[in-house]
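*Asks:* Sharing a structure with you now.
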Amino acid sequence: MIVAMQEHATEDQIQHVIERLMNLGFEVHRSTGARQTVLGAVGVRPEFEISDIEVLPGVGEVHRITSQYKLAARGFRPEGTVIKFPNGVTIGGDEVVVMAGPCSVETREQIFAIAESVSRAGAKFLRGGAFKPRSSPYSFQGMGEDGLKLMREAADKFGLLVISEVMEISQIQLMLPYIDVFQLGARNMQNFNLLREMGKIRKPVLLKRGIAATIEELLLSAEYLMAGGNYEVMLCERGIRTFETYTRNTMDISAIPIVKKLSHLPILGDPSHGTGRRDKVPPMGRAAVAAGADGLLIEVHNCPDKALSDGAQSLYPEQFEKLMGELRLIAPAVGRKMA
Ligand code: PEP
Ligand code: MN
């Protein structure tokens, strides 16, 4: 950590900061300039808050040099994490993997029809919510276990893996037999009790960025999972809330290369929640792959106009097929493969 004192900081103030740092266990290196003193504090303690130093009299700026997350940091596995599934699909390697399906499982006919079309178009995972986090308590809340059963059946029939959202601790055991990846939704990114429990299981987790979460907070949430022993974590940029009202969220494409630099964990893009509008999904999906995403999570519905959730952002099957064709051209241009 670097502590730059203000230009007019007194010697007493500087000494006070040095003592405080030493009491916290840091080794302090002082550099006294003609106008300003800079302190280098070595030996970072993870639980330490830089704001405790920022508020001390005479302090100008404080910069953390090492990150608070260790296991999620790129340096922990410089070569990158590759998550392997029993059917040979890998996430985080050369391949760009697409997970597609409805926002919610609604009926048997719906999920089978969608599974067939996304599989034909080249998706590797069937996505679909059985437990839905809805802004209104009066909106459709999901089919629960019946929805999971249908998803598993449809996915098995069409050679797909299953990803579905877990909303609370009590659903974990119930979901295990039906799914291949747990989706941890944006609203639960900082549900630390749920993160801790998910850290104890041995099944991959896709952790979505919270609607107002910084990239550092996303990585710290991944650290919760990894600290519990679950190293099969992938991240997902799904748009953040900004002042812009034209789109549902603002898809932060820059998060993709930033996460790639800071972390070894795979990162996917979700242009459906990232934009909230069907016509904006293909361009942002293409952009995410061009920016280096390891995969995409895309909402597709056989009849979006009648969807019980997120119809406006769900692609028609033909649109999805066209997008997959475009992604097959983009992936090799950025050194990736797409089956
Ligand atoms: C979803 O994938 O349908 C969903 C609810 O996502 P998010 O948590 O990103 O809102
Ligand atoms: Mn949705």
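Following the order of the structure tokens, first chain is A, next is B, and so on, with residues numbered from 1 inside each chain and ligands from 1 in the order they appear.
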Can you check which parts of chain A lie within 9 Å of ligand 2? Per residue, the shortest pair of atoms and distance in Å to one decimal, counting only C-alpha atoms and all ligand atoms, sorted by chain and number, as JSON lines.

*Replies:*
```
{"residue": "A:Pro102", "atom": "CA", "partner": "ligand 2", "partner_atom_place_in_ligand_line": "1 (Mn)", "distance": 7.5}
{"residue": "A:Cys103", "atom": "CA", "partner": "ligand 2", "partner_atom_place_in_ligand_line": "1 (Mn)", "distance": 4.0}
{"residue": "A:Ser104", "atom": "CA", "partner": "ligand 2", "partner_atom_place_in_ligand_line": "1 (Mn)", "distance": 7.0}
{"residue": "A:Gly128", "atom": "CA", "partner": "ligand 2", "partner_atom_place_in_ligand_line": "1 (Mn)", "distance": 8.3}
{"residue": "A:Gly129", "atom": "CA", "partner": "ligand 2", "partner_atom_place_in_ligand_line": "1 (Mn)", "distance": 7.7}
{"residue": "A:Lys132", "atom": "CA", "partner": "ligand 2", "partner_atom_place_in_ligand_line": "1 (Mn)", "distance": 8.3}
{"residue": "A:Pro133", "atom": "CA", "partner": "ligand 2", "partner_atom_place_in_ligand_line": "1 (Mn)", "distance": 8.9}
{"residue": "A:Ser272", "atom": "CA", "partner": "ligand 2", "partner_atom_place_in_ligand_line": "1 (Mn)", "distance": 7.5}
{"residue": "A:His273", "atom": "CA", "partner": "ligand 2", "partner_atom_place_in_ligand_line": "1 (Mn)", "distance": 6.4}
{"residue": "A:Gly276", "atom": "CA", "partner": "ligand 2", "partner_atom_place_in_ligand_line": "1 (Mn)", "distance": 9.0}
{"residue": "A:Glu299", "atom": "CA", "partner": "ligand 2", "partner_atom_place_in_ligand_line": "1 (Mn)", "distance": 6.9}
{"residue": "A:Ser309", "atom": "CA", "partner": "ligand 2", "partner_atom_place_in_ligand_line": "1 (Mn)", "distance": 6.5}
{"residue": "A:Asp310", "atom": "CA", "partner": "ligand 2", "partner_atom_place_in_ligand_line": "1 (Mn)", "distance": 5.2}
{"residue": "A:Gly311", "atom": "CA", "partner": "ligand 2", "partner_atom_place_in_ligand_line": "1 (Mn)", "distance": 8.5}
{"residue": "A:Gln313", "atom": "CA", "partner": "ligand 2", "partner_atom_place_in_ligand_line": "1 (Mn)", "distance": 8.2}
{"residue": "A:Ser314", "atom": "CA", "partner": "ligand 2", "partner_atom_place_in_ligand_line": "1 (Mn)", "distance": 8.4}
```

*Asks:* Using only C-alpha atoms, which residues sit within 10 Å of range 108-119 of chain A once same-chain residues fewer than 3 positions away are excluded, as a ChimeraX atom specification?

*Replies:* /A:98-102,104-105,122-128,146-147,149-160,300-303,307,316-318,320-321,324

*Asks:* Which parts of range 202-235 of chain A does DSSP call alpha helix (DSSP H) when run on the backbone here, written out as a PyMOL selection string?

*Replies:* chain A and resi 215-227

*Asks:* Okay, now the selection with N, CA and C atoms, as a PDB file, in the first residue's frame?

*Replies:*
```pdb
ATOM      1  N   ILE A 215     -16.362  -4.365 -10.316  1.00  0.00           N
ATOM      2  CA  ILE A 215     -15.667  -5.589 -10.727  1.00  0.00           C
ATOM      3  C   ILE A 215     -14.935  -6.178  -9.517  1.00  0.00           C
ATOM      4  N   GLU A 216     -14.409  -5.325  -8.671  1.00  0.00           N
ATOM      5  CA  GLU A 216     -13.714  -5.831  -7.486  1.00  0.00           C
ATOM      6  C   GLU A 216     -14.681  -6.582  -6.561  1.00  0.00           C
ATOM      7  N   GLU A 217     -15.896  -6.042  -6.404  1.00  0.00           N
ATOM      8  CA  GLU A 217     -16.885  -6.738  -5.571  1.00  0.00           C
ATOM      9  C   GLU A 217     -17.267  -8.086  -6.170  1.00  0.00           C
ATOM     10  N   LEU A 218     -17.363  -8.134  -7.503  1.00  0.00           N
ATOM     11  CA  LEU A 218     -17.656  -9.408  -8.176  1.00  0.00           C
ATOM     12  C   LEU A 218     -16.551 -10.423  -7.853  1.00  0.00           C
ATOM     13  N   LEU A 219     -15.312  -9.979  -7.944  1.00  0.00           N
ATOM     14  CA  LEU A 219     -14.195 -10.898  -7.688  1.00  0.00           C
ATOM     15  C   LEU A 219     -14.125 -11.292  -6.212  1.00  0.00           C
ATOM     16  N   LEU A 220     -14.516 -10.392  -5.335  1.00  0.00           N
ATOM     17  CA  LEU A 220     -14.537 -10.748  -3.908  1.00  0.00           C
ATOM     18  C   LEU A 220     -15.634 -11.775  -3.613  1.00  0.00           C
ATOM     19  N   SER A 221     -16.746 -11.674  -4.349  1.00  0.00           N
ATOM     20  CA  SER A 221     -17.799 -12.683  -4.174  1.00  0.00           C
ATOM     21  C   SER A 221     -17.321 -14.036  -4.688  1.00  0.00           C
ATOM     22  N   ALA A 222     -16.562 -14.014  -5.807  1.00  0.00           N
ATOM     23  CA  ALA A 222     -15.980 -15.273  -6.313  1.00  0.00           C
ATOM     24  C   ALA A 222     -15.016 -15.836  -5.271  1.00  0.00           C
ATOM     25  N   GLU A 223     -14.322 -14.952  -4.581  1.00  0.00           N
ATOM     26  CA  GLU A 223     -13.361 -15.381  -3.556  1.00  0.00           C
ATOM     27  C   GLU A 223     -14.083 -16.146  -2.434  1.00  0.00           C
ATOM     28  N   TYR A 224     -15.303 -15.724  -2.092  1.00  0.00           N
ATOM     29  CA  TYR A 224     -16.089 -16.457  -1.078  1.00  0.00           C
ATOM     30  C   TYR A 224     -16.279 -17.905  -1.494  1.00  0.00           C
ATOM     31  N   LEU A 225     -16.642 -18.092  -2.782  1.00  0.00           N
ATOM     32  CA  LEU A 225     -16.884 -19.454  -3.270  1.00  0.00           C
ATOM     33  C   LEU A 225     -15.594 -20.260  -3.216  1.00  0.00           C
ATOM     34  N   MET A 226     -14.507 -19.642  -3.669  1.00  0.00           N
ATOM     35  CA  MET A 226     -13.234 -20.361  -3.753  1.00  0.00           C
ATOM     36  C   MET A 226     -12.650 -20.618  -2.367  1.00  0.00           C
ATOM     37  N   ALA A 227     -12.845 -19.675  -1.464  1.00  0.00           N
ATOM     38  CA  ALA A 227     -12.319 -19.853  -0.107  1.00  0.00           C
ATOM     39  C   ALA A 227     -12.987 -21.052   0.560  1.00  0.00           C
TER      40      ALA A 227
END
```

*Asks:* In Å, rounded to a single decimal, give me how far CA of Ala291 in chain A is from CA of Asp94 in chain A.

*Replies:*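 CA of Ala291 in chain A lies at a distance of 14.1 Å from CA of Asp94 in chain A.
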
*Asks:* Out of range 70-289 of chain A, which residues get strand (DSSP E or B) from DSSP, as an NGL selection string?

*Replies:* :A and (73 or 83-84 or 90-91 or 95 or 97-101 or 104 or 125-127 or 129 or 161-165 or 181-184 or 205-208 or 233-237 or 240 or 250 or 263 or 267-269)

*Asks:* Selected residues, N, CA and C atoms, written as a compact mmCIF listing (two decimals), in the first residue's frame, please.

*Replies:*
```txt
# COMPACT_ATOMS: atom_id res chain seq x y z
N ALA A 73 -7.54 -14.18 -7.99
CA ALA A 73 -6.61 -13.32 -8.73
C ALA A 73 -5.87 -14.10 -9.81
N ILE A 83 -12.93 -25.14 -16.98
CA ILE A 83 -13.90 -26.02 -16.32
C ILE A 83 -14.34 -27.08 -17.33
N LYS A 84 -14.19 -28.34 -16.90
CA LYS A 84 -14.49 -29.45 -17.83
C LYS A 84 -15.76 -30.15 -17.39
N THR A 90 -15.87 -27.71 -22.52
CA THR A 90 -14.98 -27.00 -21.58
C THR A 90 -15.31 -25.51 -21.63
N ILE A 91 -15.18 -24.86 -20.48
CA ILE A 91 -15.37 -23.41 -20.42
C ILE A 91 -14.10 -22.78 -19.88
N GLU A 95 -12.58 -22.94 -26.55
CA GLU A 95 -13.95 -22.91 -27.04
C GLU A 95 -14.75 -21.73 -26.49
N VAL A 97 -18.48 -21.02 -25.48
CA VAL A 97 -19.64 -21.87 -25.19
C VAL A 97 -20.90 -21.02 -25.02
N VAL A 98 -21.97 -21.45 -25.66
CA VAL A 98 -23.21 -20.68 -25.55
C VAL A 98 -24.25 -21.46 -24.74
N MET A 99 -24.84 -20.75 -23.79
CA MET A 99 -25.90 -21.30 -22.94
C MET A 99 -27.17 -20.56 -23.35
N ALA A 100 -28.19 -21.28 -23.75
CA ALA A 100 -29.38 -20.58 -24.26
C ALA A 100 -30.64 -21.27 -23.79
N GLY A 101 -31.70 -20.48 -23.71
CA GLY A 101 -32.99 -21.02 -23.30
C GLY A 101 -33.85 -19.90 -22.77
N SER A 104 -37.61 -18.35 -18.01
CA SER A 104 -38.23 -19.31 -17.08
C SER A 104 -38.73 -20.54 -17.81
N PHE A 125 -25.48 -25.58 -23.57
CA PHE A 125 -26.24 -25.61 -22.32
C PHE A 125 -27.66 -25.12 -22.57
N LEU A 126 -28.59 -25.74 -21.82
CA LEU A 126 -29.95 -25.23 -21.78
C LEU A 126 -30.06 -24.39 -20.51
N ARG A 127 -30.43 -23.12 -20.66
CA ARG A 127 -30.64 -22.29 -19.49
C ARG A 127 -32.14 -22.19 -19.23
N GLY A 129 -34.92 -20.69 -15.74
CA GLY A 129 -35.13 -20.53 -14.31
C GLY A 129 -36.31 -21.35 -13.83
N LEU A 161 -26.29 -29.58 -21.59
CA LEU A 161 -26.07 -29.48 -20.14
C LEU A 161 -27.09 -28.48 -19.60
N VAL A 162 -27.27 -28.47 -18.28
CA VAL A 162 -28.31 -27.61 -17.69
C VAL A 162 -27.71 -26.58 -16.73
N ILE A 163 -28.14 -25.33 -16.89
CA ILE A 163 -27.80 -24.29 -15.92
C ILE A 163 -29.10 -23.65 -15.43
N SER A 164 -29.21 -23.50 -14.09
CA SER A 164 -30.43 -22.90 -13.54
C SER A 164 -30.08 -22.16 -12.24
N GLU A 165 -30.89 -21.17 -11.95
CA GLU A 165 -30.56 -20.29 -10.81
C GLU A 165 -30.99 -20.86 -9.46
N VAL A 181 -24.70 -26.77 -13.78
CA VAL A 181 -24.10 -25.52 -13.27
C VAL A 181 -25.17 -24.77 -12.48
N PHE A 182 -24.78 -24.30 -11.32
CA PHE A 182 -25.66 -23.43 -10.54
C PHE A 182 -25.46 -22.00 -11.04
N GLN A 183 -26.56 -21.31 -11.32
CA GLN A 183 -26.45 -19.89 -11.62
C GLN A 183 -26.73 -19.13 -10.33
N LEU A 184 -25.80 -18.26 -9.98
CA LEU A 184 -26.01 -17.40 -8.80
C LEU A 184 -26.33 -16.03 -9.35
N VAL A 205 -20.24 -23.13 -10.57
CA VAL A 205 -21.16 -22.01 -10.30
C VAL A 205 -20.88 -20.90 -11.31
N LEU A 206 -21.96 -20.35 -11.88
CA LEU A 206 -21.84 -19.15 -12.70
C LEU A 206 -22.33 -17.99 -11.84
N LEU A 207 -21.42 -17.09 -11.53
CA LEU A 207 -21.73 -15.98 -10.63
C LEU A 207 -21.97 -14.73 -11.45
N LYS A 208 -23.19 -14.20 -11.37
CA LYS A 208 -23.52 -13.01 -12.17
C LYS A 208 -23.20 -11.74 -11.39
N VAL A 233 -15.56 -21.87 -10.69
CA VAL A 233 -16.37 -20.65 -10.70
C VAL A 233 -16.20 -19.97 -12.05
N MET A 234 -17.32 -19.54 -12.63
CA MET A 234 -17.23 -18.67 -13.81
C MET A 234 -18.04 -17.43 -13.52
N LEU A 235 -17.64 -16.34 -14.13
CA LEU A 235 -18.28 -15.05 -13.86
C LEU A 235 -19.16 -14.67 -15.04
N CYS A 236 -20.06 -13.73 -14.82
CA CYS A 236 -20.93 -13.31 -15.92
C CYS A 236 -21.24 -11.83 -15.84
N GLU A 237 -20.90 -11.11 -16.91
CA GLU A 237 -21.28 -9.70 -17.02
C GLU A 237 -22.67 -9.66 -17.62
N ILE A 240 -25.12 -3.48 -15.86
CA ILE A 240 -25.21 -2.81 -14.56
C ILE A 240 -26.18 -1.64 -14.68
N THR A 250 -26.95 -1.36 -18.51
CA THR A 250 -25.87 -0.99 -19.42
C THR A 250 -24.87 -2.14 -19.43
N SER A 263 -8.22 -11.72 -13.21
CA SER A 263 -8.58 -13.04 -12.68
C SER A 263 -8.31 -14.15 -13.69
N ILE A 267 -15.05 -15.85 -17.95
CA ILE A 267 -16.13 -14.86 -17.87
C ILE A 267 -17.02 -14.96 -19.10
N LEU A 268 -18.33 -14.97 -18.85
CA LEU A 268 -19.31 -15.02 -19.91
C LEU A 268 -20.04 -13.68 -19.99
N GLY A 269 -20.71 -13.47 -21.11
CA GLY A 269 -21.51 -12.26 -21.27
C GLY A 269 -22.98 -12.64 -21.39
```

*Asks:* Rank A:Ile2, A:Leu148, A:Leu297, A:Leu21 by their smallest atom-to-atom distance to ligand 1, using only C-alpha atoms and all ligand atoms, and report the top residue only.

*Replies:* A:Leu297

*Asks:* Quick one: residues within 12 Å of Ala288 in chain A, only C-alpha atoms counted, chain neighbours fewer than 2 positions away excluded, as a JSON list (two decimals) with N, CA and C atoms, in the first residue's frame?

*Replies:*
```
[["chain", "number", "residue", "atom", "x", "y", "z"],
["A", 96, "VAL", "N", -15.63, -21.18, -27.32],
["A", 96, "VAL", "CA", -16.63, -20.21, -26.84],
["A", 96, "VAL", "C", -17.93, -21.00, -26.69],
["A", 98, "VAL", "N", -21.97, -21.45, -25.66],
["A", 98, "VAL", "CA", -23.21, -20.68, -25.55],
["A", 98, "VAL", "C", -24.25, -21.46, -24.74],
["A", 236, "CYS", "N", -20.06, -13.73, -14.82],
["A", 236, "CYS", "CA", -20.93, -13.31, -15.92],
["A", 236, "CYS", "C", -21.24, -11.83, -15.84],
["A", 237, "GLU", "N", -20.90, -11.11, -16.91],
["A", 237, "GLU", "CA", -21.28, -9.70, -17.02],
["A", 237, "GLU", "C", -22.67, -9.66, -17.62],
["A", 238, "ARG", "N", -23.62, -9.08, -16.88],
["A", 238, "ARG", "CA", -25.01, -9.08, -17.33],
["A", 238, "ARG", "C", -25.62, -7.68, -17.30],
["A", 239, "GLY", "N", -24.73, -6.68, -17.36],
["A", 239, "GLY", "CA", -25.26, -5.31, -17.37],
["A", 239, "GLY", "C", -25.40, -4.76, -15.97],
["A", 251, "MET", "N", -24.74, -2.77, -20.59],
["A", 251, "MET", "CA", -23.85, -3.93, -20.71],
["A", 251, "MET", "C", -22.41, -3.44, -20.70],
["A", 252, "ASP", "N", -21.69, -3.79, -19.65],
["A", 252, "ASP", "CA", -20.32, -3.29, -19.49],
["A", 252, "ASP", "C", -19.34, -4.25, -20.16],
["A", 253, "ILE", "N", -19.17, -4.06, -21.46],
["A", 253, "ILE", "CA", -18.27, -4.94, -22.22],
["A", 253, "ILE", "C", -16.85, -4.85, -21.68],
["A", 254, "SER", "N", -16.48, -3.68, -21.19],
["A", 254, "SER", "CA", -15.10, -3.51, -20.71],
["A", 254, "SER", "C", -14.80, -4.41, -19.52],
["A", 255, "ALA", "N", -15.84, -4.85, -18.82],
["A", 255, "ALA", "CA", -15.62, -5.76, -17.68],
["A", 255, "ALA", "C", -14.95, -7.06, -18.14],
["A", 256, "ILE", "N", -15.20, -7.43, -19.41],
["A", 256, "ILE", "CA", -14.66, -8.72, -19.89],
["A", 256, "ILE", "C", -13.13, -8.71, -19.95],
["A", 257, "PRO", "N", -12.53, -7.76, -20.70],
["A", 257, "PRO", "CA", -11.05, -7.75, -20.68],
["A", 257, "PRO", "C", -10.47, -7.40, -19.31],
["A", 267, "ILE", "N", -15.05, -15.85, -17.95],
["A", 267, "ILE", "CA", -16.13, -14.86, -17.87],
["A", 267, "ILE", "C", -17.02, -14.96, -19.10],
["A", 268, "LEU", "N", -18.33, -14.97, -18.85],
["A", 268, "LEU", "CA", -19.31, -15.02, -19.91],
["A", 268, "LEU", "C", -20.04, -13.68, -19.99],
["A", 269, "GLY", "N", -20.71, -13.47, -21.11],
["A", 269, "GLY", "CA", -21.51, -12.26, -21.27],
["A", 269, "GLY", "C", -22.98, -12.64, -21.39],
["A", 270, "ASP", "N", -23.85, -11.85, -20.79],
["A", 270, "ASP", "CA", -25.29, -12.05, -20.91],
["A", 270, "ASP", "C", -25.90, -10.80, -21.53],
["A", 271, "PRO", "N", -25.98, -10.79, -22.88],
["A", 271, "PRO", "CA", -26.50, -9.58, -23.53],
["A", 271, "PRO", "C", -28.02, -9.45, -23.41],
["A", 272, "SER", "N", -28.70, -10.51, -22.94],
["A", 272, "SER", "CA", -30.16, -10.43, -22.80],
["A", 272, "SER", "C", -30.52, -9.51, -21.64],
["A", 274, "GLY", "N", -28.30, -7.77, -20.20],
["A", 274, "GLY", "CA", -27.42, -6.62, -20.41],
["A", 274, "GLY", "C", -28.09, -5.48, -21.16],
["A", 281, "VAL", "N", -29.65, -7.55, -28.51],
["A", 281, "VAL", "CA", -28.94, -8.74, -27.99],
["A", 281, "VAL", "C", -27.86, -9.24, -28.96],
["A", 282, "PRO", "N", -28.18, -9.41, -30.28],
["A", 282, "PRO", "CA", -27.11, -9.91, -31.16],
["A", 282, "PRO", "C", -25.88, -9.01, -31.21],
["A", 283, "PRO", "N", -26.04, -7.68, -31.39],
["A", 283, "PRO", "CA", -24.80, -6.87, -31.45],
["A", 283, "PRO", "C", -23.97, -6.95, -30.17],
["A", 284, "MET", "N", -24.63, -6.97, -29.00],
["A", 284, "MET", "CA", -23.85, -7.02, -27.76],
["A", 284, "MET", "C", -23.29, -8.43, -27.49],
["A", 285, "GLY", "N", -23.97, -9.44, -28.01],
["A", 285, "GLY", "CA", -23.43, -10.80, -27.92],
["A", 285, "GLY", "C", -22.16, -10.91, -28.77],
["A", 286, "ARG", "N", -22.24, -10.32, -29.97],
["A", 286, "ARG", "CA", -21.06, -10.35, -30.86],
["A", 286, "ARG", "C", -19.91, -9.58, -30.22],
["A", 290, "ALA", "N", -16.15, -10.84, -29.20],
["A", 290, "ALA", "CA", -14.99, -10.12, -29.76],
["A", 290, "ALA", "C", -14.09, -9.60, -28.64],
["A", 291, "ALA", "N", -14.69, -9.27, -27.50],
["A", 291, "ALA", "CA", -13.91, -8.72, -26.37],
["A", 291, "ALA", "C", -13.22, -9.82, -25.56],
["A", 292, "GLY", "N", -13.48, -11.08, -25.91],
["A", 292, "GLY", "CA", -12.76, -12.16, -25.23],
["A", 292, "GLY", "C", -13.59, -13.00, -24.27],
["A", 293, "ALA", "N", -14.92, -12.86, -24.31],
["A", 293, "ALA", "CA", -15.76, -13.66, -23.40],
["A", 293, "ALA", "C", -15.58, -15.15, -23.70],
["A", 294, "ASP", "N", -15.64, -15.96, -22.65],
["A", 294, "ASP", "CA", -15.50, -17.41, -22.80],
["A", 294, "ASP", "C", -16.82, -18.06, -23.20],
["A", 295, "GLY", "N", -17.87, -17.26, -23.18],
["A", 295, "GLY", "CA", -19.16, -17.81, -23.56],
["A", 295, "GLY", "C", -20.24, -16.76, -23.42],
["A", 296, "LEU", "N", -21.46, -17.16, -23.78],
["A", 296, "LEU", "CA", -22.60, -16.26, -23.67],
["A", 296, "LEU", "C", -23.77, -16.98, -23.01],
["A", 297, "LEU", "N", -24.59, -16.21, -22.33],
["A", 297, "LEU", "CA", -25.84, -16.70, -21.74],
["A", 297, "LEU", "C", -26.93, -15.90, -22.45],
["A", 298, "ILE", "N", -27.80, -16.59, -23.18],
["A", 298, "ILE", "CA", -28.76, -15.87, -24.02],
["A", 298, "ILE", "C", -30.17, -16.41, -23.83],
["A", 327, "LEU", "N", -21.35, -15.60, -34.66],
["A", 327, "LEU", "CA", -20.33, -15.87, -33.63],
["A", 327, "LEU", "C", -19.26, -16.83, -34.14],
["A", 330, "ILE", "N", -16.78, -14.71, -35.77],
["A", 330, "ILE", "CA", -16.03, -13.81, -34.88],
["A", 330, "ILE", "C", -15.02, -14.59, -34.03],
["A", 331, "ALA", "N", -15.45, -15.74, -33.50],
["A", 331, "ALA", "CA", -14.59, -16.49, -32.57],
["A", 331, "ALA", "C", -13.18, -16.75, -33.13],
["A", 334, "VAL", "N", -10.66, -13.91, -33.10],
["A", 334, "VAL", "CA", -10.04, -13.53, -31.83],
["A", 334, "VAL", "C", -9.39, -14.76, -31.16]]
```

*Asks:* Rank A:Ala4, A:Ala186, A:Ile172, A:Met167 by their smallest atom-to-atom distance to Arg202 in chain A, using only C-alpha atoms, and report the top residue only.

*Replies:*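 Of A:Ala4, A:Ala186, A:Ile172, A:Met167, the one nearest Arg202 in chain A is A:Ile172, counting only C-alpha atoms.
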
*Asks:* Have a look at CA of Pro57 in chain A and CA of Val42 in chain A and let me know their distance in Å, one decimal.

*Replies:* 21.0 Å

*Asks:* Would you compute the distance between CA of Glu54 in chain A and CA of Gly210 in chain A? Give it in Å to one decimal.

*Replies:* 26.9 Å

*Asks:* Using only C-alpha atoms and all ligand atoms, which residue out of A:Tyr231, A:Phe131, A:Phe192, A:Phe26 lies closest to ligand 1?

*Replies:* A:Phe131
